[in-house]
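Have a look at my_file.cif below; it lists mmCIF, C-alpha atoms.
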```cif
data_structure
#
loop_
_atom_site.label_atom_id
_atom_site.label_comp_id
_atom_site.auth_asym_id
_atom_site.auth_seq_id
_atom_site.Cartn_x
_atom_site.Cartn_y
_atom_site.Cartn_z
CA MET U 1 -33.11 -0.26 -28.25
CA ASP U 2 -32.81 -3.92 -29.07
CA LEU U 3 -31.69 -4.61 -25.50
CA LEU U 4 -34.58 -2.60 -24.07
CA ILE U 5 -37.04 -4.65 -26.10
CA ILE U 6 -35.50 -7.89 -24.84
CA PHE U 7 -35.69 -6.63 -21.28
CA ILE U 8 -39.32 -5.54 -21.48
CA SER U 9 -40.29 -8.68 -23.33
CA ALA U 10 -38.70 -10.94 -20.70
CA THR U 11 -40.11 -8.93 -17.80
CA VAL U 12 -43.75 -8.35 -18.62
CA VAL U 13 -44.78 -9.45 -22.11
CA ASN U 14 -43.39 -12.97 -21.96
CA ASN U 15 -43.19 -13.20 -18.20
CA PHE U 16 -41.42 -16.44 -17.25
CA VAL U 17 -43.97 -17.47 -14.66
CA LEU U 18 -47.20 -16.24 -16.17
CA SER U 19 -46.71 -17.00 -19.81
CA TYR U 20 -43.90 -19.56 -20.06
CA PHE U 21 -44.87 -21.51 -16.92
CA LEU U 22 -41.29 -21.69 -15.72
CA GLY U 23 -40.66 -21.64 -12.00
CA ILE U 24 -44.16 -22.55 -10.87
CA CYS U 25 -42.93 -24.51 -7.84
CA PRO U 26 -41.40 -21.52 -6.01
CA PHE U 27 -44.24 -19.34 -7.33
CA ILE U 28 -46.75 -21.49 -5.45
CA GLY U 29 -44.41 -22.48 -2.63
CA VAL U 30 -42.87 -19.23 -1.40
CA SER U 31 -45.49 -16.68 -2.32
CA ASN U 32 -47.35 -16.55 0.97
CA LYS U 33 -45.33 -13.70 2.49
CA THR U 34 -44.15 -10.52 0.78
CA SER U 35 -40.78 -10.49 2.52
CA SER U 36 -39.84 -14.05 1.60
CA ALA U 37 -41.15 -13.53 -1.93
CA LEU U 38 -38.83 -10.55 -2.36
CA SER U 39 -35.83 -12.45 -1.01
CA MET U 40 -36.54 -15.40 -3.25
CA GLY U 41 -37.01 -13.12 -6.25
CA MET U 42 -33.73 -11.34 -5.64
CA ALA U 43 -31.79 -14.56 -5.11
CA THR U 44 -33.26 -15.98 -8.30
CA THR U 45 -32.48 -12.83 -10.31
CA PHE U 46 -28.90 -12.93 -9.09
CA VAL U 47 -28.46 -16.58 -10.08
CA MET U 48 -30.23 -15.94 -13.39
CA VAL U 49 -27.80 -13.21 -14.44
CA LEU U 50 -24.84 -15.40 -13.49
CA THR U 51 -26.36 -18.38 -15.31
CA ALA U 52 -26.91 -16.28 -18.41
CA ILE U 53 -23.24 -15.26 -18.41
CA VAL U 54 -21.81 -18.70 -17.67
CA SER U 55 -24.09 -20.70 -19.93
CA TRP U 56 -23.53 -18.29 -22.81
CA LEU U 57 -19.77 -18.68 -22.44
CA LEU U 58 -20.09 -22.45 -22.11
CA TYR U 59 -22.42 -22.89 -25.05
CA PHE U 60 -20.97 -20.50 -27.62
CA LEU U 61 -17.28 -20.77 -26.72
CA ILE U 62 -16.96 -24.46 -25.85
CA LEU U 63 -19.91 -26.57 -26.99
CA VAL U 64 -20.59 -25.01 -30.40
CA PRO U 65 -16.96 -24.74 -31.68
CA TYR U 66 -16.32 -28.38 -30.80
CA GLY U 67 -19.67 -29.62 -32.12
CA LEU U 68 -20.80 -30.84 -28.71
CA GLU U 69 -24.31 -29.34 -28.70
CA PHE U 70 -25.80 -32.69 -27.72
CA LEU U 71 -24.11 -32.34 -24.32
CA GLN U 72 -26.11 -29.17 -23.70
CA ILE U 73 -28.53 -30.57 -21.13
CA PRO U 74 -26.09 -32.38 -18.80
CA SER U 75 -23.51 -29.60 -18.98
CA PHE U 76 -26.04 -26.83 -18.27
CA ILE U 77 -27.52 -28.62 -15.30
CA LEU U 78 -24.10 -29.36 -13.81
CA VAL U 79 -22.96 -25.78 -14.33
CA ILE U 80 -26.10 -24.44 -12.66
CA ALA U 81 -25.77 -26.78 -9.69
CA ALA U 82 -22.12 -25.85 -9.25
CA LEU U 83 -22.90 -22.16 -9.68
CA VAL U 84 -25.60 -22.18 -7.02
CA GLN U 85 -23.29 -23.99 -4.63
CA PHE U 86 -20.55 -21.47 -5.37
CA VAL U 87 -22.82 -18.46 -4.93
CA GLU U 88 -23.99 -19.87 -1.63
CA MET U 89 -20.41 -20.20 -0.37
CA VAL U 90 -19.43 -16.72 -1.54
CA ILE U 91 -22.45 -15.06 0.05
CA LYS U 92 -21.84 -16.95 3.28
CA LYS U 93 -18.26 -15.65 3.34
CA VAL U 94 -18.94 -12.08 2.22
CA SER U 95 -22.21 -11.07 3.82
CA GLN U 96 -23.70 -12.93 6.75
CA PRO U 97 -26.97 -10.90 6.87
CA LEU U 98 -27.60 -11.50 3.17
CA TYR U 99 -26.79 -15.17 3.63
CA ARG U 100 -29.29 -15.42 6.45
CA ALA U 101 -31.93 -13.62 4.41
CA LEU U 102 -31.46 -15.82 1.34
CA GLY U 103 -30.25 -18.94 3.17
CA ILE U 104 -32.92 -21.54 2.56
CA PHE U 105 -33.88 -20.19 -0.85
CA LEU U 106 -30.50 -20.61 -2.49
CA PRO U 107 -30.35 -24.44 -2.66
CA LEU U 108 -33.95 -24.46 -3.89
CA ILE U 109 -32.94 -22.43 -6.94
CA THR U 110 -31.02 -25.37 -8.45
CA THR U 111 -34.27 -27.19 -9.08
CA ASN U 112 -36.05 -24.09 -10.37
CA CYS U 113 -36.88 -24.81 -13.98
CA ALA U 114 -36.78 -21.09 -14.78
CA ILE U 115 -32.99 -21.14 -14.49
CA LEU U 116 -32.43 -24.09 -16.82
CA GLY U 117 -35.17 -22.72 -19.07
CA LEU U 118 -33.29 -19.43 -19.32
CA ALA U 119 -30.09 -21.19 -20.35
CA LEU U 120 -31.93 -23.29 -22.93
CA LEU U 121 -33.85 -20.34 -24.34
CA LEU U 122 -30.82 -18.13 -24.80
CA SER U 123 -28.94 -20.87 -26.63
CA MET U 124 -32.02 -21.66 -28.72
CA ARG U 125 -32.53 -18.01 -29.72
CA GLU U 126 -28.79 -17.48 -30.31
CA TYR U 127 -28.57 -14.23 -28.35
CA THR U 128 -25.34 -12.29 -28.26
CA PHE U 129 -23.52 -11.96 -24.95
CA MET U 130 -25.03 -8.59 -24.00
CA GLN U 131 -28.49 -9.73 -25.05
CA SER U 132 -28.13 -12.84 -22.87
CA VAL U 133 -27.18 -10.82 -19.80
CA VAL U 134 -30.10 -8.43 -20.32
CA PHE U 135 -32.41 -11.37 -20.98
CA GLY U 136 -31.29 -13.03 -17.73
CA PHE U 137 -31.81 -9.83 -15.76
CA GLY U 138 -35.20 -9.20 -17.36
CA ALA U 139 -36.37 -12.73 -16.67
CA GLY U 140 -35.28 -12.40 -13.06
CA ALA U 141 -37.04 -9.06 -12.71
CA GLY U 142 -40.20 -10.54 -14.22
CA PHE U 143 -40.04 -13.49 -11.85
CA THR U 144 -39.61 -11.16 -8.87
CA LEU U 145 -42.48 -8.99 -10.06
CA ALA U 146 -44.86 -11.93 -10.45
CA LEU U 147 -43.85 -13.40 -7.11
CA PHE U 148 -44.22 -10.05 -5.35
CA ILE U 149 -47.69 -9.30 -6.75
CA MET U 150 -48.80 -12.83 -5.96
CA SER U 151 -47.58 -12.66 -2.37
CA GLY U 152 -49.38 -9.35 -1.89
CA ILE U 153 -52.64 -10.89 -3.11
CA ARG U 154 -52.14 -13.99 -0.99
CA GLU U 155 -51.63 -11.93 2.15
CA GLU U 156 -55.07 -10.43 1.51
CA LEU U 157 -56.51 -13.85 0.69
CA GLU U 158 -55.60 -15.06 4.18
CA LEU U 159 -58.28 -12.76 5.55
CA THR U 160 -61.03 -13.78 3.17
CA ASP U 161 -63.50 -16.62 3.40
CA VAL U 162 -62.40 -19.05 0.70
CA PRO U 163 -64.48 -22.25 0.30
CA LYS U 164 -62.67 -24.96 2.22
CA PRO U 165 -61.70 -27.32 -0.65
CA PHE U 166 -60.20 -24.40 -2.55
CA ARG U 167 -57.90 -23.22 0.21
CA GLY U 168 -54.16 -23.40 -0.42
CA ALA U 169 -52.91 -24.44 -3.84
CA PRO U 170 -56.22 -24.33 -5.82
CA ILE U 171 -57.07 -20.72 -5.00
CA THR U 172 -53.46 -19.74 -5.62
CA LEU U 173 -53.63 -21.26 -9.09
CA ILE U 174 -56.91 -19.51 -9.85
CA THR U 175 -55.43 -16.20 -8.67
CA ALA U 176 -52.42 -16.86 -10.88
CA GLY U 177 -54.82 -17.39 -13.77
CA LEU U 178 -56.39 -13.99 -13.21
CA LEU U 179 -52.95 -12.45 -12.91
CA ALA U 180 -51.91 -14.07 -16.19
CA LEU U 181 -55.03 -12.61 -17.73
CA ALA U 182 -54.02 -9.16 -16.50
CA PHE U 183 -50.50 -9.59 -17.86
CA MET U 184 -51.98 -10.37 -21.27
CA GLY U 185 -52.69 -6.67 -21.46
CA PHE U 186 -48.98 -6.17 -22.12
CA ALA U 187 -49.11 -8.40 -25.17
CA GLY U 188 -49.58 -5.57 -27.65
CA MET U 189 -46.63 -3.56 -26.39
CA ILE U 190 -44.03 -5.11 -28.68
CA MET O 1 -49.26 -64.72 -4.36
CA SER O 2 -49.18 -61.92 -1.86
CA LYS O 3 -45.88 -60.74 -3.33
CA GLN O 4 -47.37 -60.57 -6.79
CA LYS O 5 -50.24 -58.52 -5.51
CA SER O 6 -47.88 -56.01 -3.96
CA MET O 7 -46.01 -55.79 -7.26
CA TRP O 8 -49.30 -54.81 -8.88
CA TYR O 9 -49.78 -52.27 -6.13
CA GLU O 10 -46.43 -50.64 -6.95
CA PHE O 11 -47.83 -49.98 -10.39
CA TYR O 12 -51.35 -48.80 -9.78
CA LYS O 13 -50.71 -46.62 -6.73
CA GLY O 14 -49.08 -44.09 -9.05
CA ILE O 15 -52.22 -43.68 -11.12
CA TRP O 16 -54.50 -42.34 -8.45
CA GLU O 17 -53.38 -42.91 -4.87
CA ILE O 18 -50.16 -40.92 -5.17
CA ASN O 19 -50.86 -39.36 -8.58
CA PRO O 20 -47.80 -37.17 -9.19
CA THR O 21 -49.74 -34.20 -10.49
CA PHE O 22 -52.93 -34.06 -8.45
CA LYS O 23 -51.77 -35.61 -5.16
CA GLN O 24 -48.08 -34.80 -4.88
CA ILE O 25 -48.36 -31.53 -6.89
CA LEU O 26 -45.10 -32.28 -8.67
CA GLY O 27 -44.25 -31.40 -12.24
CA THR O 28 -46.68 -28.50 -12.42
CA CYS O 29 -44.69 -26.57 -15.01
CA PRO O 30 -45.10 -29.04 -17.89
CA THR O 31 -48.66 -29.81 -16.80
CA LEU O 32 -49.60 -26.19 -17.31
CA ALA O 33 -47.41 -25.41 -20.28
CA VAL O 34 -47.95 -28.20 -22.77
CA THR O 35 -51.64 -29.00 -22.31
CA VAL O 36 -52.86 -26.69 -25.05
CA SER O 37 -53.89 -29.84 -26.90
CA VAL O 38 -54.26 -33.50 -25.95
CA MET O 39 -51.62 -34.56 -28.46
CA ASN O 40 -48.96 -32.34 -26.88
CA GLY O 41 -49.92 -33.64 -23.46
CA ILE O 42 -49.59 -37.27 -24.55
CA ALA O 43 -46.24 -36.62 -26.22
CA MET O 44 -44.93 -34.84 -23.14
CA ALA O 45 -46.18 -37.57 -20.80
CA LEU O 46 -44.65 -40.32 -22.93
CA ALA O 47 -41.29 -38.55 -23.08
CA THR O 48 -41.39 -38.02 -19.32
CA THR O 49 -42.40 -41.64 -18.69
CA PHE O 50 -39.54 -42.85 -20.87
CA VAL O 51 -37.03 -40.83 -18.87
CA LEU O 52 -38.70 -41.74 -15.58
CA VAL O 53 -38.73 -45.50 -16.26
CA PHE O 54 -35.19 -45.76 -17.52
CA SER O 55 -33.62 -43.47 -14.96
CA SER O 56 -35.49 -45.24 -12.12
CA LEU O 57 -34.37 -48.62 -13.42
CA PHE O 58 -30.80 -47.48 -13.85
CA ILE O 59 -30.59 -45.67 -10.53
CA SER O 60 -32.05 -48.66 -8.76
CA MET O 61 -29.44 -50.92 -10.37
CA VAL O 62 -26.51 -48.78 -9.31
CA ARG O 63 -28.02 -47.58 -6.03
CA LYS O 64 -25.49 -49.48 -3.91
CA LEU O 65 -22.52 -48.09 -5.83
CA ILE O 66 -23.35 -44.41 -5.36
CA PRO O 67 -21.96 -42.79 -2.21
CA ASN O 68 -24.70 -41.13 -0.21
CA GLN O 69 -23.18 -37.64 -0.27
CA VAL O 70 -23.10 -37.25 -4.03
CA ARG O 71 -26.27 -39.16 -4.86
CA ILE O 72 -28.32 -36.17 -6.04
CA ALA O 73 -25.61 -35.08 -8.47
CA ALA O 74 -25.28 -38.65 -9.73
CA TYR O 75 -29.05 -38.94 -10.21
CA ILE O 76 -29.15 -35.67 -12.13
CA VAL O 77 -26.41 -36.81 -14.50
CA ILE O 78 -28.20 -40.12 -15.14
CA ILE O 79 -31.50 -38.31 -15.73
CA ALA O 80 -29.84 -35.75 -18.01
CA ALA O 81 -28.39 -38.55 -20.14
CA PHE O 82 -31.83 -40.09 -20.71
CA VAL O 83 -33.40 -36.69 -21.35
CA THR O 84 -30.79 -36.07 -24.04
CA VAL O 85 -31.77 -39.37 -25.66
CA ALA O 86 -35.47 -38.45 -25.53
CA ASP O 87 -34.80 -34.95 -26.89
CA LEU O 88 -32.69 -36.14 -29.81
CA VAL O 89 -35.13 -38.93 -30.73
CA MET O 90 -38.03 -36.50 -30.69
CA LYS O 91 -36.14 -33.95 -32.80
CA ALA O 92 -35.30 -36.62 -35.36
CA LYS O 93 -38.60 -38.52 -35.51
CA PHE O 94 -41.26 -35.96 -34.59
CA PRO O 95 -39.85 -32.53 -35.48
CA GLU O 96 -43.27 -30.87 -35.29
CA LEU O 97 -44.06 -32.14 -31.81
CA SER O 98 -40.58 -31.26 -30.67
CA LYS O 99 -41.12 -27.72 -31.89
CA ALA O 100 -44.51 -27.46 -30.21
CA LEU O 101 -43.09 -28.59 -26.87
CA GLY O 102 -40.17 -26.18 -27.22
CA PRO O 103 -37.80 -26.11 -24.27
CA PHE O 104 -40.03 -28.39 -22.23
CA VAL O 105 -38.44 -31.61 -23.46
CA PRO O 106 -34.96 -30.67 -22.21
CA LEU O 107 -36.64 -29.29 -19.09
CA ILE O 108 -37.70 -32.83 -18.12
CA VAL O 109 -34.33 -32.87 -16.33
CA VAL O 110 -35.68 -30.61 -13.62
CA ASN O 111 -39.13 -32.20 -13.51
CA CYS O 112 -39.49 -32.93 -9.81
CA ILE O 113 -41.43 -36.16 -10.48
CA ILE O 114 -38.33 -37.90 -11.75
CA LEU O 115 -35.92 -36.78 -9.06
CA GLY O 116 -38.69 -37.32 -6.51
CA ARG O 117 -39.24 -40.95 -7.52
CA ALA O 118 -35.48 -41.54 -7.73
CA GLU O 119 -34.96 -40.21 -4.23
CA ALA O 120 -38.10 -41.60 -2.60
CA PHE O 121 -38.35 -44.98 -4.30
CA ALA O 122 -35.65 -46.14 -6.74
CA SER O 123 -32.81 -45.49 -4.30
CA LYS O 124 -34.35 -47.93 -1.81
CA ASN O 125 -35.99 -50.66 -3.90
CA SER O 126 -35.14 -53.45 -6.33
CA PRO O 127 -34.95 -52.67 -10.07
CA LEU O 128 -38.18 -54.53 -10.88
CA ARG O 129 -40.16 -52.66 -8.26
CA SER O 130 -38.66 -49.33 -9.27
CA PHE O 131 -39.53 -50.08 -12.86
CA LEU O 132 -43.17 -50.73 -11.98
CA ASP O 133 -43.33 -47.72 -9.70
CA ALA O 134 -41.94 -45.48 -12.43
CA LEU O 135 -44.36 -46.93 -14.96
CA GLY O 136 -47.28 -46.28 -12.61
CA ASN O 137 -46.24 -42.72 -11.91
CA GLY O 138 -45.74 -42.13 -15.60
CA ALA O 139 -49.25 -43.43 -16.24
CA GLY O 140 -50.61 -41.13 -13.54
CA PHE O 141 -48.86 -38.19 -15.17
CA LEU O 142 -50.27 -39.22 -18.55
CA LEU O 143 -53.76 -39.35 -17.07
CA ALA O 144 -53.40 -35.88 -15.57
CA LEU O 145 -52.09 -34.38 -18.80
CA VAL O 146 -54.83 -36.02 -20.89
CA VAL O 147 -57.53 -34.72 -18.55
CA MET O 148 -56.06 -31.20 -18.54
CA GLY O 149 -55.37 -31.21 -22.27
CA GLY O 150 -58.81 -32.66 -23.00
CA ILE O 151 -60.65 -29.97 -21.08
CA ARG O 152 -58.58 -27.17 -22.58
CA GLU O 153 -58.75 -28.49 -26.13
CA ILE O 154 -62.48 -29.25 -26.12
CA ILE O 155 -63.49 -25.88 -24.70
CA GLY O 156 -60.69 -23.83 -26.23
CA SER O 157 -60.67 -25.11 -29.79
CA ARG O 158 -63.74 -27.41 -30.04
CA THR O 159 -61.59 -30.45 -30.88
CA PHE O 160 -60.29 -33.58 -29.17
CA LEU O 161 -57.08 -35.03 -30.63
CA GLY O 162 -57.74 -32.88 -33.67
CA TYR O 163 -61.29 -34.18 -34.34
CA GLN O 164 -64.09 -31.73 -33.90
CA VAL O 165 -66.34 -32.74 -31.02
CA MET O 166 -68.27 -29.56 -30.25
CA PRO O 167 -70.92 -28.24 -32.67
CA ASN O 168 -70.09 -25.29 -34.86
CA GLY O 169 -72.51 -23.13 -32.90
CA PHE O 170 -70.26 -23.40 -29.86
CA GLU O 171 -68.04 -20.35 -29.63
CA PRO O 172 -64.56 -21.54 -28.57
CA TRP O 173 -63.27 -19.95 -25.37
CA LEU O 174 -60.01 -18.46 -26.52
CA ILE O 175 -58.88 -18.03 -22.94
CA MET O 176 -58.61 -21.78 -22.42
CA ILE O 177 -55.70 -22.13 -24.82
CA LEU O 178 -53.97 -19.05 -23.41
CA PRO O 179 -51.74 -19.28 -20.32
CA ALA O 180 -54.49 -17.95 -18.05
CA GLY O 181 -56.74 -20.86 -18.97
CA ALA O 182 -54.11 -23.35 -17.85
CA PHE O 183 -53.94 -21.86 -14.36
CA LEU O 184 -57.72 -21.63 -14.06
CA THR O 185 -58.35 -25.20 -15.27
CA PHE O 186 -55.73 -26.67 -12.98
CA GLY O 187 -56.93 -24.68 -9.97
CA LEU O 188 -60.57 -25.60 -10.52
CA LEU O 189 -59.74 -29.28 -11.12
CA MET O 190 -57.73 -29.43 -7.93
CA GLY O 191 -60.43 -27.64 -5.96
CA PHE O 192 -63.21 -29.89 -7.21
CA SER O 193 -61.19 -33.04 -6.58
CA ASN O 194 -60.61 -31.80 -3.00
CA ALA O 195 -64.31 -31.11 -2.60
CA TYR O 196 -65.19 -34.58 -3.89
CA LEU O 197 -62.73 -36.29 -1.54
CA GLU O 198 -63.95 -34.29 1.41
CA ARG O 199 -67.56 -35.18 0.69
CA LYS O 200 -66.64 -38.85 0.39
CA LYS O 201 -64.82 -38.70 3.71
CA ARG O 202 -67.75 -36.99 5.42
CA ILE O 203 -70.21 -39.61 4.16
CA GLU O 204 -67.91 -42.37 5.37
CA GLN O 205 -67.70 -40.76 8.78
CA GLN O 206 -71.45 -40.40 9.00
CA GLN O 207 -71.86 -44.03 8.10
CA LYS O 208 -69.40 -44.99 10.80
CA ILE O 209 -71.34 -42.96 13.35
CA LEU O 210 -74.60 -44.57 12.21
CA GLN O 211 -73.09 -48.03 12.49
CA TYR O 212 -71.74 -47.24 15.93
CA ARG O 213 -75.13 -46.04 17.12
CA LYS O 214 -76.77 -49.10 15.65
CA SER O 215 -74.42 -51.46 17.43
CA GLU O 216 -74.91 -49.49 20.63
CA ASN O 217 -78.68 -49.84 20.34
CA GLU O 218 -78.32 -53.53 19.65
CA LEU O 219 -76.20 -53.91 22.74
CA LYS O 220 -78.81 -52.11 24.83
CA GLU O 221 -81.56 -54.29 23.43
CA ALA O 222 -79.54 -57.37 24.16
CA GLU O 223 -79.02 -56.18 27.74
CA ALA O 224 -82.70 -55.49 28.13
#
```

Please rewrite the model in this file as structure tokens.
Amino acid sequence: MDLLIIFISATVVNNFVLSYFLGICPFIGVSNKTSSALSMGMATTFVMVLTAIVSWLLYFLILVPYGLEFLQIPSFILVIAALVQFVEMVIKKVSQPLYRALGIFLPLITTNCAILGLALLLSMREYTFMQSVVFGFGAGAGFTLALFIMSGIREELELTDVPKPFRGAPITLITAGLLALAFMGFAGMI
Amino acid sequence: MSKQKSMWYEFYKGIWEINPTFKQILGTCPTLAVTVSVMNGIAMALATTFVLVFSSLFISMVRKLIPNQVRIAAYIVIIAAFVTVADLVMKAKFPELSKALGPFVPLIVVNCIILGRAEAFASKNSPLRSFLDALGNGAGFLLALVVMGGIREIIGSRTFLGYQVMPNGFEPWLIMILPAGAFLTFGLLMGFSNAYLERKKRIEQQQKILQYRKSENELKEAEA
């Protein structure tokens, strides 16, 4: 039950993009086509779950017992960079089609603040291992959901007559604002 | 003299010409997240500027020692070190602000402004120039956050820096201090700044056309 609450909270109530403002760059950057939005979302979810596992192990089994919490930031960022590199190599070796589908999005994930934010949040909230994994998966699912809805709206926006100065990033931000407003409806759920 | 002028340019270009937030659209996450009040915005911008200035200076000093292939990793480690300093100082000296900013102080590591300036400027220029460039970009970021925070705080909670500026009869718009308000404010600001620039450009073009016609007429008159 506890895990379900964490999952729902990370997915819709406290959506990473729409209420924590993490991962705005890919949210604006790769949300113009549904297919690429889905690929990006899945790649990010995958890396998020792995990050949750690895950073939990790193933080609670190495940094905390030895009193090295102040090394949190550099160690997390290095682990994430190495992890993304590793995932990229594994996918390239194991599944060529998947690699081609995710290809360009994988390196971009290193600089996605949602990933580092996830690692920081789970150490800050002192989740247990299972909670961290569920939290990582929920955050990834929420990110994918937001990106997918946004890309659907943007595909429709292409066909509408937006005032010229508002085309591109400004109208995307305003749409995101309306979307965030809609997601506020979930606030009472938990 | 001309060299001094260009030094000044390195500083002030960051404030408007290549303003990191409004022109380069970098560092959007903190811009949206921490601008609930002006104070948070200023704190965030100062922390970011601190990291930006010192990491630019440091990277520029060691730029010739870092092999090209591993430069990004090296930059990240340098930046992470300064972010740790900023985070610990804030936790010790301003615990309330640190709590309000939450994970966004450690997240300065992945703020694209810093890595962007390191890659685009500090890795190619002398320490003094990089220092000024970083300072200018930091000031530009501060400006953006103060504008965003100001709008949201005045309309959303009737105050500016904690002092009440709107009359009591003004009903605060709760939405402005909620996440949705951040997106809307930023989108509208960006749109209006685009509209303003476009209008300015159009007027300039019209003036050019007018001048051209004028000179053409003058030429004809002279021929006649």

Define the interface residues of chain U facing chain O as those within 10 Å, counting all atoms listed in the file, and report them as a PyMOL selection string. chain U and resi 17-25+28+70-78+81-82+110-121+124+163-184

Taking the file as shown, what set of residues would the PyMOL selection byres ((chain U and resi 41-54) around 8) give back, as a PyMOL selection string? chain U and resi 37-40+55-58+79-80+83-84+87+102+105-106+109+115+118-119+122+129+132-137+139-141+143-145+147-148

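Residue neighbourhood of range 139-156 of chain O, excluding near-sequence residues (fewer than 3 positions): Gly14, Ile15, Trp16, Asn19, Pro20, Thr21, Thr31, Thr35, Val36, Ser37, Val38, Gly41, Ile42, Ala45, Leu135, Gly136, Thr159, Phe160, Pro172, Trp173, Leu174, Ile175, Met176 and Ile177 of chain O, at 7 Å, using all atoms listed in the file.
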
Just give me the gap between CA of Thr34 in chain U and CA of Lys23 in chain O in Å, one decimal is fine.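 The value is 26.9 Å.
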
Between CA of Arg117 in chain O and CA of Lys13 in chain O, what is the spacing in Å?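 Between CA of Lys13 in chain O and CA of Arg117 in chain O the gap is 12.8 Å.
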
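Nearest to Asn15 in chain U of all the residues U:Ile153, U:Met130, U:Ala146, U:Val64 is U:Ala146, based on all atoms listed in the file.
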
For CA of Phe131 in chain O and CA of Leu57 in chain O, determine how far apart the two atoms are, in Å to one decimal place. 5.4 Å

Selected residue, from U:Gly67, U:Pro107, U:Gly188, U:Gly142, that lies nearest to Phe7 in chain U when counting all atoms listed in the file: U:Gly142

When you count all atoms listed in the file, which of these residues is closest to Ile149 in chain U: U:Tyr59, U:Tyr99, U:Phe186, U:Phe27?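 Comparing U:Tyr59, U:Tyr99, U:Phe186, U:Phe27 against Ile149 in chain U, the winner is U:Phe27.
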
Reconstruct N, CA, C and O atoms of range 5-17 of chain U from the incomplete input and present them as a short mmCIF file (atom, residue, chain, number, x, y, z; two decimals), in the coordinates of the input.
```cif
data_model
loop_
_atom_site.label_atom_id
_atom_site.label_comp_id
_atom_site.auth_asym_id
_atom_site.auth_seq_id
_atom_site.Cartn_x
_atom_site.Cartn_y
_atom_site.Cartn_z
N ILE U 5 -35.92 -3.80 -25.68
CA ILE U 5 -37.04 -4.65 -26.10
C ILE U 5 -36.92 -6.03 -25.47
O ILE U 5 -37.89 -6.59 -24.95
N ILE U 6 -35.70 -6.58 -25.47
CA ILE U 6 -35.50 -7.89 -24.84
C ILE U 6 -35.85 -7.84 -23.36
O ILE U 6 -36.52 -8.72 -22.83
N PHE U 7 -35.43 -6.75 -22.71
CA PHE U 7 -35.69 -6.63 -21.28
C PHE U 7 -37.19 -6.57 -20.99
O PHE U 7 -37.71 -7.32 -20.18
N ILE U 8 -37.89 -5.68 -21.72
CA ILE U 8 -39.32 -5.54 -21.48
C ILE U 8 -40.06 -6.82 -21.83
O ILE U 8 -40.96 -7.28 -21.12
N SER U 9 -39.63 -7.45 -22.91
CA SER U 9 -40.29 -8.68 -23.33
C SER U 9 -40.13 -9.77 -22.26
O SER U 9 -41.08 -10.46 -21.92
N ALA U 10 -38.92 -9.90 -21.70
CA ALA U 10 -38.70 -10.94 -20.70
C ALA U 10 -39.39 -10.60 -19.38
O ALA U 10 -39.79 -11.49 -18.63
N THR U 11 -39.54 -9.29 -19.09
CA THR U 11 -40.11 -8.93 -17.80
C THR U 11 -41.63 -9.04 -17.79
O THR U 11 -42.18 -9.73 -16.94
N VAL U 12 -42.29 -8.37 -18.70
CA VAL U 12 -43.75 -8.35 -18.62
C VAL U 12 -44.47 -9.07 -19.76
O VAL U 12 -45.43 -9.80 -19.52
N VAL U 13 -44.00 -8.90 -21.00
CA VAL U 13 -44.78 -9.45 -22.11
C VAL U 13 -44.74 -10.98 -22.09
O VAL U 13 -45.76 -11.65 -22.12
N ASN U 14 -43.52 -11.53 -22.05
CA ASN U 14 -43.39 -12.97 -21.96
C ASN U 14 -42.86 -13.34 -20.57
O ASN U 14 -41.81 -13.96 -20.44
N ASN U 15 -43.61 -12.93 -19.57
CA ASN U 15 -43.19 -13.20 -18.20
C ASN U 15 -42.94 -14.69 -18.01
O ASN U 15 -43.73 -15.52 -18.42
N PHE U 16 -41.80 -15.03 -17.38
CA PHE U 16 -41.42 -16.44 -17.25
C PHE U 16 -42.48 -17.25 -16.52
O PHE U 16 -42.80 -18.36 -16.92
N VAL U 17 -43.02 -16.69 -15.45
CA VAL U 17 -43.97 -17.47 -14.66
C VAL U 17 -45.33 -17.50 -15.34
O VAL U 17 -45.93 -18.56 -15.52
#
```
